[in-house]
Amino acid sequence: MHLLNVSVSLILAALSTRCAASELDAFAYTCIDSYLNNPVLFSKCQRFDGSLNPTYIDLNNCLENTNGILYCTSKRPKEVYSESCTDFRLSGTILSSTCQDTYKVERSTSIDLDSCLNNSDGVLTC
């Protein structure tokens with residue numbers, strides 16, 4: 001029984017360490033004072049040494065509009081989302097917009113940028 005308790009404790013410790021490590025590069029946990037000058041997002045992100053680094057990223061490299069809905073992308077899309085979307089709003093990590101679908105009908109959409117962006121030692125990346 002003691003061996004089982006030790007094994008469970010080790011597994012839980014490993015899982016908590018993995019979660020804490022993933023928070024170290026999470027946009028939401030490590031960046032502040034973010035604002036949008038579409039399509040560029042500006043922020044101050046924490047470096048490994050704890051200092052804050054002013055950084056920015058062109059969201060056209062990170063987002064795509066697919067049929068009126070914003071999605072994260074790891075490759076630059078053929079059509080940049082900022083050409084088919086308007087009315088951009090940033091609230092915390094949530095980017096909201098109105099985007100055209102394939103029939104040019106406007107749809108409200110939003111995406112949590114924390115699912116698309118990472119902080120790599122004070123530099124925003126997709």
# chains A, B, ... in the order shown; residues from 1 in each chain; ligands from 1
>>> select_by_dssp(residues="chain A", states="helix (DSSP H, G or I)", output="mmCIF file with N, CA and C atoms, in the first residue's frame")
data_model
loop_
_atom_site.group_PDB
_atom_site.id
_atom_site.type_symbol
_atom_site.label_atom_id
_atom_site.label_comp_id
_atom_site.auth_asym_id
_atom_site.auth_seq_id
_atom_site.Cartn_x
_atom_site.Cartn_y
_atom_site.Cartn_z
ATOM 1 N N HIS A 2 1.957 1.207 0.760
ATOM 2 C CA HIS A 2 2.863 2.355 0.819
ATOM 3 C C HIS A 2 3.455 2.651 -0.557
ATOM 4 N N LEU A 3 3.802 1.606 -1.305
ATOM 5 C CA LEU A 3 4.351 1.773 -2.650
ATOM 6 C C LEU A 3 3.339 2.435 -3.576
ATOM 7 N N LEU A 4 2.075 2.078 -3.438
ATOM 8 C CA LEU A 4 1.012 2.684 -4.257
ATOM 9 C C LEU A 4 0.877 4.169 -3.950
ATOM 10 N N ASN A 5 0.915 4.534 -2.674
ATOM 11 C CA ASN A 5 0.821 5.951 -2.284
ATOM 12 C C ASN A 5 1.993 6.755 -2.832
ATOM 13 N N VAL A 6 3.193 6.174 -2.776
ATOM 14 C CA VAL A 6 4.375 6.852 -3.300
ATOM 15 C C VAL A 6 4.242 7.031 -4.809
ATOM 16 N N SER A 7 3.772 6.004 -5.515
ATOM 17 C CA SER A 7 3.615 6.073 -6.967
ATOM 18 C C SER A 7 2.608 7.144 -7.351
ATOM 19 N N VAL A 8 1.474 7.194 -6.670
ATOM 20 C CA VAL A 8 0.456 8.204 -6.954
ATOM 21 C C VAL A 8 1.004 9.597 -6.673
ATOM 22 N N SER A 9 1.747 9.750 -5.594
ATOM 23 C CA SER A 9 2.342 11.051 -5.257
ATOM 24 C C SER A 9 3.318 11.506 -6.333
ATOM 25 N N LEU A 10 4.140 10.587 -6.833
ATOM 26 C CA LEU A 10 5.092 10.935 -7.880
ATOM 27 C C LEU A 10 4.389 11.329 -9.173
ATOM 28 N N ILE A 11 3.333 10.633 -9.525
ATOM 29 C CA ILE A 11 2.574 10.967 -10.731
ATOM 30 C C ILE A 11 1.946 12.340 -10.591
ATOM 31 N N LEU A 12 1.327 12.617 -9.459
ATOM 32 C CA LEU A 12 0.709 13.933 -9.246
ATOM 33 C C LEU A 12 1.750 15.045 -9.269
ATOM 34 N N ALA A 13 2.913 14.803 -8.694
ATOM 35 C CA ALA A 13 3.976 15.812 -8.709
ATOM 36 C C ALA A 13 4.438 16.083 -10.135
ATOM 37 N N ALA A 14 4.580 15.039 -10.931
ATOM 38 C CA ALA A 14 4.995 15.214 -12.327
ATOM 39 C C ALA A 14 3.960 15.997 -13.114
ATOM 40 N N LEU A 15 2.686 15.696 -12.897
ATOM 41 C CA LEU A 15 1.627 16.422 -13.610
ATOM 42 C C LEU A 15 1.582 17.884 -13.207
ATOM 43 N N SER A 16 1.732 18.184 -11.931
ATOM 44 C CA SER A 16 1.688 19.576 -11.497
ATOM 45 C C SER A 16 2.885 20.344 -12.025
ATOM 46 N N THR A 17 4.046 19.714 -12.115
ATOM 47 C CA THR A 17 5.229 20.363 -12.684
ATOM 48 C C THR A 17 5.011 20.662 -14.155
ATOM 49 N N ARG A 18 4.401 19.730 -14.883
ATOM 50 C CA ARG A 18 4.134 19.943 -16.305
ATOM 51 C C ARG A 18 3.179 21.112 -16.498
ATOM 52 N N CYS A 19 2.132 21.202 -15.678
ATOM 53 C CA CYS A 19 1.182 22.313 -15.789
ATOM 54 C C CYS A 19 1.866 23.633 -15.476
ATOM 55 N N ALA A 20 2.680 23.665 -14.437
ATOM 56 C CA ALA A 20 3.377 24.906 -14.080
ATOM 57 C C ALA A 20 4.329 25.320 -15.190
ATOM 58 N N ALA A 21 5.006 24.366 -15.802
ATOM 59 C CA ALA A 21 5.936 24.694 -16.886
ATOM 60 C C ALA A 21 5.189 25.263 -18.084
ATOM 61 N N SER A 22 4.009 24.749 -18.385
ATOM 62 C CA SER A 22 3.268 25.260 -19.537
ATOM 63 C C SER A 22 2.764 26.667 -19.274
ATOM 64 N N GLU A 23 2.542 27.040 -18.004
ATOM 65 C CA GLU A 23 2.118 28.398 -17.689
ATOM 66 C C GLU A 23 3.255 29.396 -17.912
ATOM 67 N N PHE A 27 0.690 33.106 -22.815
ATOM 68 C CA PHE A 27 0.456 34.533 -23.021
ATOM 69 C C PHE A 27 -0.331 35.135 -21.852
ATOM 70 N N ALA A 28 -1.399 34.484 -21.442
ATOM 71 C CA ALA A 28 -2.279 35.035 -20.403
ATOM 72 C C ALA A 28 -1.573 35.215 -19.064
ATOM 73 N N TYR A 29 -0.644 34.334 -18.725
ATOM 74 C CA TYR A 29 0.014 34.364 -17.417
ATOM 75 C C TYR A 29 1.265 35.225 -17.392
ATOM 76 N N THR A 30 1.850 35.511 -18.538
ATOM 77 C CA THR A 30 3.170 36.143 -18.532
ATOM 78 C C THR A 30 3.248 37.464 -19.287
ATOM 79 N N LEU A 59 -0.712 39.497 -36.019
ATOM 80 C CA LEU A 59 -1.666 38.396 -35.876
ATOM 81 C C LEU A 59 -2.072 37.772 -37.199
ATOM 82 N N ASN A 60 -1.772 38.430 -38.320
ATOM 83 C CA ASN A 60 -2.023 37.807 -39.626
ATOM 84 C C ASN A 60 -1.213 36.516 -39.783
ATOM 85 N N ASN A 61 -0.125 36.397 -39.019
ATOM 86 C CA ASN A 61 0.693 35.180 -39.060
ATOM 87 C C ASN A 61 0.149 34.085 -38.148
ATOM 88 N N TYR A 81 -6.539 37.412 -42.222
ATOM 89 C CA TYR A 81 -7.836 37.609 -41.587
ATOM 90 C C TYR A 81 -8.227 39.080 -41.521
ATOM 91 N N SER A 82 -7.248 39.964 -41.410
ATOM 92 C CA SER A 82 -7.569 41.386 -41.227
ATOM 93 C C SER A 82 -8.186 42.017 -42.472
ATOM 94 N N GLU A 83 -8.134 41.316 -43.611
ATOM 95 C CA GLU A 83 -8.759 41.843 -44.829
ATOM 96 C C GLU A 83 -10.228 41.435 -44.948
ATOM 97 N N LEU A 113 -6.831 34.383 -27.512
ATOM 98 C CA LEU A 113 -5.470 34.440 -28.041
ATOM 99 C C LEU A 113 -4.499 33.578 -27.240
ATOM 100 N N ASP A 114 -4.872 33.228 -26.011
ATOM 101 C CA ASP A 114 -4.010 32.361 -25.219
ATOM 102 C C ASP A 114 -3.889 30.975 -25.851
ATOM 103 N N SER A 115 -4.857 30.605 -26.684
ATOM 104 C CA SER A 115 -4.770 29.312 -27.368
ATOM 105 C C SER A 115 -3.893 29.398 -28.621
#
>>> select_by_dssp(residues="stretch 12-86 of chain A", states="strand (DSSP E or B)", output="VMD selection string")
chain A and resid 26 31 to 37 40 to 46 52 to 58 63 to 66 69 to 72 85 to 86
>>> write_last_selection(atoms="C-alpha atoms", output="compact mmCIF listing (two decimals), in the first residue's frame")
# COMPACT_ATOMS: atom_id res chain seq x y z
CA ALA A 26 1.39 31.12 -21.67
CA CYS A 31 2.15 39.19 -20.61
CA ILE A 32 0.56 42.47 -19.50
CA ASP A 33 -0.61 45.81 -20.93
CA SER A 34 -1.65 44.21 -24.21
CA TYR A 35 -3.34 46.31 -26.86
CA LEU A 36 -4.25 45.89 -30.49
CA ASN A 37 -3.38 48.14 -33.41
CA VAL A 40 -0.48 43.98 -34.66
CA LEU A 41 -0.75 43.00 -30.99
CA PHE A 42 1.56 44.84 -28.60
CA SER A 43 2.34 43.58 -25.11
CA LYS A 44 4.94 43.45 -22.34
CA CYS A 45 5.99 39.86 -21.70
CA GLN A 46 8.05 38.41 -18.90
CA LEU A 52 9.42 42.67 -18.84
CA ASN A 53 10.16 42.95 -22.55
CA PRO A 54 8.08 45.16 -24.89
CA THR A 55 7.08 42.90 -27.80
CA TYR A 56 4.63 42.72 -30.67
CA ILE A 57 3.33 40.22 -33.20
CA ASP A 58 1.46 40.47 -36.49
CA LEU A 63 -4.97 33.71 -37.19
CA GLU A 64 -7.17 32.82 -40.12
CA ASN A 65 -10.78 33.49 -41.03
CA THR A 66 -12.49 30.28 -42.09
CA ILE A 69 -14.84 32.15 -37.74
CA LEU A 70 -11.38 33.00 -36.40
CA TYR A 71 -8.98 30.08 -35.87
CA CYS A 72 -5.38 29.74 -34.77
CA CYS A 85 -12.76 40.98 -40.70
CA THR A 86 -13.62 44.32 -39.10
>>> atom_distance(atom1="atom CA of A:Lys104", atom2="atom CA of A:Leu117")
27.9 Å
>>> residues_around(residues="A:Asn67", least_positions_apart="6", cutoff="7 Å", atoms="only C-alpha atoms", output="JSON, numbers by chain")
{"A": [100, 101, 102]}
>>> write_last_selection(atoms="C-alpha atoms", output="mmCIF file, in the first residue's frame")
data_model
loop_
_atom_site.group_PDB
_atom_site.id
_atom_site.type_symbol
_atom_site.label_atom_id
_atom_site.label_comp_id
_atom_site.auth_asym_id
_atom_site.auth_seq_id
_atom_site.Cartn_x
_atom_site.Cartn_y
_atom_site.Cartn_z
ATOM 1 C CA GLN A 100 -17.197 37.586 -43.577
ATOM 2 C CA ASP A 101 -18.062 33.986 -44.379
ATOM 3 C CA THR A 102 -17.671 32.446 -47.850
#
>>> atom_distance(atom1="atom CA of A:Ser108", atom2="atom CA of A:Gly92")
17.7 Å
>>> atom_distance(atom1="atom CA of A:Asp112", atom2="atom CA of A:Asp25")
15.3 Å
>>> closest_residue(among="A:Thr93, A:Asp49, A:Cys99, A:Val80", to="A:Asn118", atoms="only C-alpha atoms")
A:Thr93
